[in-house]
Amino acid sequence: MITFFDASALIYLIEGAEPFATKVRKELAAAAKTYPDLGAAVSRLSWLECRVGPMKDNDNPTLALFDTFFARPDLVWVDMVKDVVELAAAIRVQTGLKTPDALQAASCLQLGGEHLFLTGDSAFRRVAGLNVKVLA
């Protein structure tokens, strides 16, 4: 099982925004209890989205927290390869999700059936086959 972090879930976790940070930690703890070998995955889009706020605010301590998370050697990266982009286009047509969200959903689906998609956005529930846990 692998947990895919939408940018919102990762921002909640790293920046400690309550009550959402606690919700992320609880979901991760529950998943790890069921799946002791639980992995973590992100897309390059999550990396971009997580860095924008701290960069705008010149918040180097928060930026460093994100950089530490993204530097984890066990973190799985999903890149925006052709298959991801094609699937994102189909998701966008089928669900009406905006392009960034369709890319996030497609990135997670590339991981296969054993995944958990953590997000703060309930719109992801419209994506067939996406195992979504909404934290908000």
# chains A, B, ... in the order shown; residues from 1 in each chain; ligands from 1
$ select_by_dssp --residues "segment 10-86 of chain A" --states "strand (DSSP E)" --output "ChimeraX atom specification"
/A:39-43,76-78
$ residues_around --residues "segment 40-52 of chain A" --least-positions-apart "2" --cutoff "6 Å" --atoms "only C-alpha atoms" --output "MDAnalysis selection string"
chainID A and resid 2:5 7 54:55 75:79
$ residues_around --residues "Arg125 of chain A" --least-positions-apart "4" --cutoff "12 Å" --atoms "only C-alpha atoms" --output "ChimeraX atom specification"
/A:91,95-97,101-102,105,117-121,129-134
$ closest_residue --among "A:Ala30, A:Leu116, A:Ala71, A:Val127" --to "Ala88 of chain A" --atoms "only C-alpha atoms"
A:Val127
$ residues_around --residues "segment 14-17 of chain A" --least-positions-apart "3" --cutoff "7 Å" --atoms "only C-alpha atoms" --output "VMD selection string"
chain A and resid 10 to 11 20 to 21 62 65 to 66
$ closest_residue --among "A:Met1, A:Thr22, A:Ala89, A:Leu13" --to "Thr34 of chain A" --atoms "only C-alpha atoms"
A:Met1
$ atom_distance --atom1 "atom CA of Ala106 of chain A" --atom2 "atom CA of Leu135 of chain A"
19.5 Å
$ select_by_dssp --residues "segment 4-91 of chain A" --states "helix (DSSP H, G or I)" --output "ChimeraX atom specification"
/A:7-15,20-34,44-56,60-70,82-91
$ residues_around --residues "Lys23 of chain A" --least-positions-apart "4" --cutoff "9 Å" --atoms "only C-alpha atoms" --output "MDAnalysis selection string"
chainID A and resid 12:13 18:19 27:28 135:136
$ write_last_selection --atoms "N, CA and C atoms" --output "mmCIF file, in the first residue's frame"
data_model
loop_
_atom_site.group_PDB
_atom_site.id
_atom_site.type_symbol
_atom_site.label_atom_id
_atom_site.label_comp_id
_atom_site.auth_asym_id
_atom_site.auth_seq_id
_atom_site.Cartn_x
_atom_site.Cartn_y
_atom_site.Cartn_z
ATOM 1 N N TYR A 12 -1.037 20.465 5.086
ATOM 2 C CA TYR A 12 -1.608 20.285 6.424
ATOM 3 C C TYR A 12 -0.590 19.629 7.351
ATOM 4 N N LEU A 13 0.025 18.574 6.863
ATOM 5 C CA LEU A 13 0.951 17.796 7.689
ATOM 6 C C LEU A 13 2.205 18.579 8.047
ATOM 7 N N GLU A 18 -4.044 22.880 12.133
ATOM 8 C CA GLU A 18 -5.038 22.078 12.856
ATOM 9 C C GLU A 18 -6.452 22.528 12.491
ATOM 10 N N PRO A 19 -7.401 21.618 12.496
ATOM 11 C CA PRO A 19 -7.316 20.242 12.964
ATOM 12 C C PRO A 19 -6.830 19.260 11.904
ATOM 13 N N GLU A 27 -4.886 9.319 9.897
ATOM 14 C CA GLU A 27 -5.061 8.478 8.704
ATOM 15 C C GLU A 27 -3.798 7.679 8.407
ATOM 16 N N LEU A 28 -2.657 8.324 8.538
ATOM 17 C CA LEU A 28 -1.388 7.627 8.302
ATOM 18 C C LEU A 28 -1.164 6.530 9.331
ATOM 19 N N LEU A 135 -9.722 14.908 4.055
ATOM 20 C CA LEU A 135 -9.312 15.281 5.399
ATOM 21 C C LEU A 135 -10.043 16.503 5.942
ATOM 22 N N ALA A 136 -10.666 17.260 5.094
ATOM 23 C CA ALA A 136 -11.315 18.507 5.526
ATOM 24 C C ALA A 136 -12.694 18.251 6.120
#
$ atom_distance --atom1 "atom CA of Ala128 of chain A" --atom2 "atom CA of Gln94 of chain A"
9.4 Å
$ atom_distance --atom1 "atom CA of Asp37 of chain A" --atom2 "atom CA of Ala9 of chain A"
20.2 Å
